[in-house]
Structure formats: structure tokens, C-alpha cells
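So the structure is just underneath, and the comments pick up after that.
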Amino acid sequence: MGLDAVLGEPPETIHPTVLMGFMISAFERSALKLESPRSRRLAGIVLAFSVPSLVFVSTRKILNVAPHKAGWVIGAVLVSTTLSMRGLAEAAGDVEMELREGRLERARTRVGHLVGRDTDDLSESEVCRAAVESVAENTSDGVVGPMFYGALFGAPGALAYKAVNTLDSMVGYRHPPYEDLGWASARLDDLANLAPSRLTMLCAAAVSGRPFSTLLIALRYGPRTASPNAGMAESAFAGALGVKLGGTNTYSGVLREGPRLGDGRLPVPEDIRRAVRLMRRCCVLAGILLFLAERVFRG
């Protein structure tokens, strides 16, 4: 986490997640040509389990052939590439800066890099909501999740988790043409994020300054989302910041109703900065807890 805070993410040309994306895209192009829904679903199952397995095994082999001290350094560097604390903070900060300077169009474009929804017609409040929701969800997916599996299985575990997360972001959709190909990837991502999302919720509540009310809001609103995990982190952030998240979003021109999360006010630009500060505190606490847990269980 320290490496990520100081250096940020590596260049795209050598970023492990980008390389995973190339691998997934090559398989995806061939699989989508299959005419039978059953064949596409079987191909999706193979894709969902083969990519994380290949990433885990290849990373393990690289570390096994490296000298002991070099292997430790390589492992730390590889884990740092799976974390996006600094990158997330910078991206969210760019959105806030554009809003503060009155450039709503540019803020819409910036937040479009963080979320999958349509952003061309978002109001200022909706841009703020999108940014805060992205910070909340990516606290779990982009920092706590990789640290959790890194603590359990080292760099191979962190990178395998990132492969699962990348699969879900690329093919794990419920609409054509991915409803069959991406089914297994989406379910695997749900399973992989059960523990990290709840750890994120607990850590966010613990560092919020209002732990009990934050936890109650998270437990009340978190289960209302279609995803078993995203709502937990977002509801915890909503409670901690005293804002209202969730609601209606548009994806490729299609309006989708979602539950409201939290019972506070609508977000404002300052809440983006507050969400980033909450994210950092949450990640530090999660890192400390995972480090201590690893020391205890490994003796």
C-alpha cells in the first residue's frame, strides 16, 4: 500500500491488469461468435475459471524461481499493482476540481472514466453522487479486496482476485451480448467480494466518527441493491458522509431504477473530497487489520 501511495500504478504497457484485459478480449471475441447460448455459457465458465487460475499459477512460478529476497520484493511490487488507492483519489479529485471551477461538462467527462453509466446529461449533484459511489465501491474492489487475498495467498492471490474483478468489469453484464458469456464471471466476482465488501463496510464505519449510525445505515440499505456487495460499501459511505446515494441511472440510453442508499442530503462537490479521505482511512485500517491477522494465523 505504501508503494501504491508513493508510486501509483505502473504504465499501461506493463500493467498486469491491462495484460489480463488483452487476454480476456482475445477469448471474448472468439466466444461471442458462438451461436448457441449454451455454448456461450460453457465458454464463459471456462473463461471465468481459467484466467484467474492461469494468473495465480504463473505468478507463483515467477516467485518460486526468484531468489528469496528478490522474490519478496517482486511480490510486494506485484501486490502494489493491484491497488488503486492513489489512482482513485486522483481521479475523484479531478472531478471535484472541475466542479469547483464551474466546468460541469468536463466534470461529466472525468466522472465518465470512473463509472459505467451515461454521464453526458448529469446534473452537478448527480456527478457528485457518481464520484462518491465510485470511490466507495472501488475502496472494496480496488484496495481492500486485493489486500484481503494478498494476505491470504500472497501476490498470486491478489493478482488472481484482480483477474476476477477484471473479468466482471469486461464481460459480467446481464444484457446482450454478455448475458450468457459473462454469467459465470459475474457470479464468481460476487463470491470473491463477499468478505472484502463487508470488511470495507466495517472499516468505513469504524473510522467514520459515527460508527453505530453508519453501521445501521449500511445494514439497512446495503442488501437492497441487486449486487450482494456493492450496496454494502456504498451504504456505509452514505451513512458516514451523511448523504444519499443510489437511485436512477442510465446505461447506453436505458433507464434503470435502483434503490436509494442512505437517508441524508444530496452530495455536493466537498463530499467527493470527504469520500476520498474516508477511503484512505478505511484502507489503512483494513491494511493494519489484515497485517495483524496474517501475523497471528501464520505465527
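Residue numbering restarts at 1 for every chain of the C-alpha cells, chains are lettered A, B, ... in their displayed order, and ligands are numbered from 1 as they appear.
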Find the residues of region 29-139 of chain A that sit at most 12 Å from region 184-196 of chain A; for each, write down the nearest two atoms and how far apart they are in Å, to one decimal. Count only C-alpha atoms. Sort by chain, then by number going up, and give it as JSON lines.
{"residue": "A:Arg40", "atom": "CA", "partner": "A:Ala184", "partner_atom": "CA", "distance": 10.6}
{"residue": "A:Arg41", "atom": "CA", "partner": "A:Ala184", "partner_atom": "CA", "distance": 7.6}
{"residue": "A:Leu42", "atom": "CA", "partner": "A:Ala184", "partner_atom": "CA", "distance": 8.8}
{"residue": "A:Ala43", "atom": "CA", "partner": "A:Ala184", "partner_atom": "CA", "distance": 9.4}
{"residue": "A:Gly44", "atom": "CA", "partner": "A:Ala184", "partner_atom": "CA", "distance": 6.0}
{"residue": "A:Ile45", "atom": "CA", "partner": "A:Ala184", "partner_atom": "CA", "distance": 5.2}
{"residue": "A:Val46", "atom": "CA", "partner": "A:Ala184", "partner_atom": "CA", "distance": 8.6}
{"residue": "A:Leu47", "atom": "CA", "partner": "A:Ser185", "partner_atom": "CA", "distance": 7.7}
{"residue": "A:Ala48", "atom": "CA", "partner": "A:Ser185", "partner_atom": "CA", "distance": 4.9}
{"residue": "A:Phe49", "atom": "CA", "partner": "A:Ser185", "partner_atom": "CA", "distance": 8.2}
{"residue": "A:Ser50", "atom": "CA", "partner": "A:Ser185", "partner_atom": "CA", "distance": 10.7}
{"residue": "A:Val51", "atom": "CA", "partner": "A:Ser185", "partner_atom": "CA", "distance": 10.3}
{"residue": "A:Pro52", "atom": "CA", "partner": "A:Ser185", "partner_atom": "CA", "distance": 10.4}
{"residue": "A:Glu137", "atom": "CA", "partner": "A:Pro196", "partner_atom": "CA", "distance": 10.7}
{"residue": "A:Asn138", "atom": "CA", "partner": "A:Pro196", "partner_atom": "CA", "distance": 10.9}
{"residue": "A:Thr139", "atom": "CA", "partner": "A:Pro196", "partner_atom": "CA", "distance": 9.5}
Next, write the just-selected residues to a file, as a PDB file, in the first residue's frame, keeping C-alpha atoms as the atom set.
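Final output, saved to part-v4.pdb:
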ATOM      1  CA  ARG A  40     -21.521 -19.286 -24.841  1.00  0.00           C
ATOM      2  CA  ARG A  41     -22.343 -20.064 -21.214  1.00  0.00           C
ATOM      3  CA  LEU A  42     -19.918 -23.009 -21.186  1.00  0.00           C
ATOM      4  CA  ALA A  43     -17.276 -20.789 -22.769  1.00  0.00           C
ATOM      5  CA  GLY A  44     -17.964 -18.216 -20.066  1.00  0.00           C
ATOM      6  CA  ILE A  45     -17.442 -20.808 -17.336  1.00  0.00           C
ATOM      7  CA  VAL A  46     -14.118 -21.804 -18.887  1.00  0.00           C
ATOM      8  CA  LEU A  47     -13.109 -18.135 -19.144  1.00  0.00           C
ATOM      9  CA  ALA A  48     -14.109 -17.327 -15.557  1.00  0.00           C
ATOM     10  CA  PHE A  49     -12.009 -20.105 -14.052  1.00  0.00           C
ATOM     11  CA  SER A  50      -9.104 -20.321 -16.497  1.00  0.00           C
ATOM     12  CA  VAL A  51      -7.923 -16.695 -16.397  1.00  0.00           C
ATOM     13  CA  PRO A  52      -7.638 -16.353 -12.574  1.00  0.00           C
ATOM     14  CA  GLU A 137     -17.259   0.690  -4.443  1.00  0.00           C
ATOM     15  CA  ASN A 138     -13.623   0.854  -5.520  1.00  0.00           C
ATOM     16  CA  THR A 139     -12.460   1.073  -1.925  1.00  0.00           C
TER      17      THR A 139
END
Which residues are near His113 (chain A)? Cut-off 10 Å, only C-alpha atoms, ignore same chain within fewer than 3 positions. Put them as a PyMOL selection string. chain A and resi 91-92+95+108-110+116-117+119+131
Q) Any idea what's packed within 12 Å of Met279 (chain A), counting only C-alpha atoms, ignoring anything in its chain fewer than 3 positions away? Could you give it as a ChimeraX atom specification? A) /A:84-86,88-89,92,132-144,200-201,203-208,233-234,236-237,240-241,271-276,282-286
Calculated over only C-alpha atoms, which of the candidates A:Trp72, A:Phe22, A:Phe212, A:Phe56 has the smallest distance to Ala158 (chain A)?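 Counting only C-alpha atoms, the residue closest to Ala158 (chain A) is A:Phe56.
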TODO: Between A:Ser169, A:Arg280, A:Ala230, A:Arg106, single out the one closest to Asp4 (chain A), counting only C-alpha atoms.
DONE: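 Nearest candidate to Asp4 (chain A) out of A:Ser169, A:Arg280, A:Ala230, A:Arg106: A:Arg280.
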Correct to one decimal, the distance CA of Gly8 (chain A)-CA of Val111 (chain A) is 19.3 Å
Could you give me, as a Markdown table, a per-residue list for region 159-206 of chain A showing, wherever an atom lies at most 10 Å from an atom of region 29-32 of chain A, the closest pair of atoms and their distance in Å to one decimal, using only C-alpha atoms and sorting by chain then residue number from low to high?
| residue | atom | partner | partner_atom | distance |
| --- | --- | --- | --- | --- |
| A:Pro177 | CA | A:Leu32 | CA | 7.3 |
| A:Tyr178 | CA | A:Leu32 | CA | 8.1 |
| A:Asp180 | CA | A:Leu32 | CA | 9.4 |
| A:Leu181 | CA | A:Leu32 | CA | 7.4 |
- Closest of A:Leu159, A:Asp121, A:Ala76, A:Gly287 to Gly253 (chain A) - atom-to-atom distances counting only C-alpha atoms: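 So, comparing all the options, the nearest one is A:Asp121.
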**Message:** Among region 55-297 of chain A, which residues does DSSP mark as strand (DSSP E) when it is run on the backbone? Keep the chain and numbering as in the structure and answer as a PyMOL selection string.
**Reply:** chain A and resi 245-246+249-251+254-256+260-261
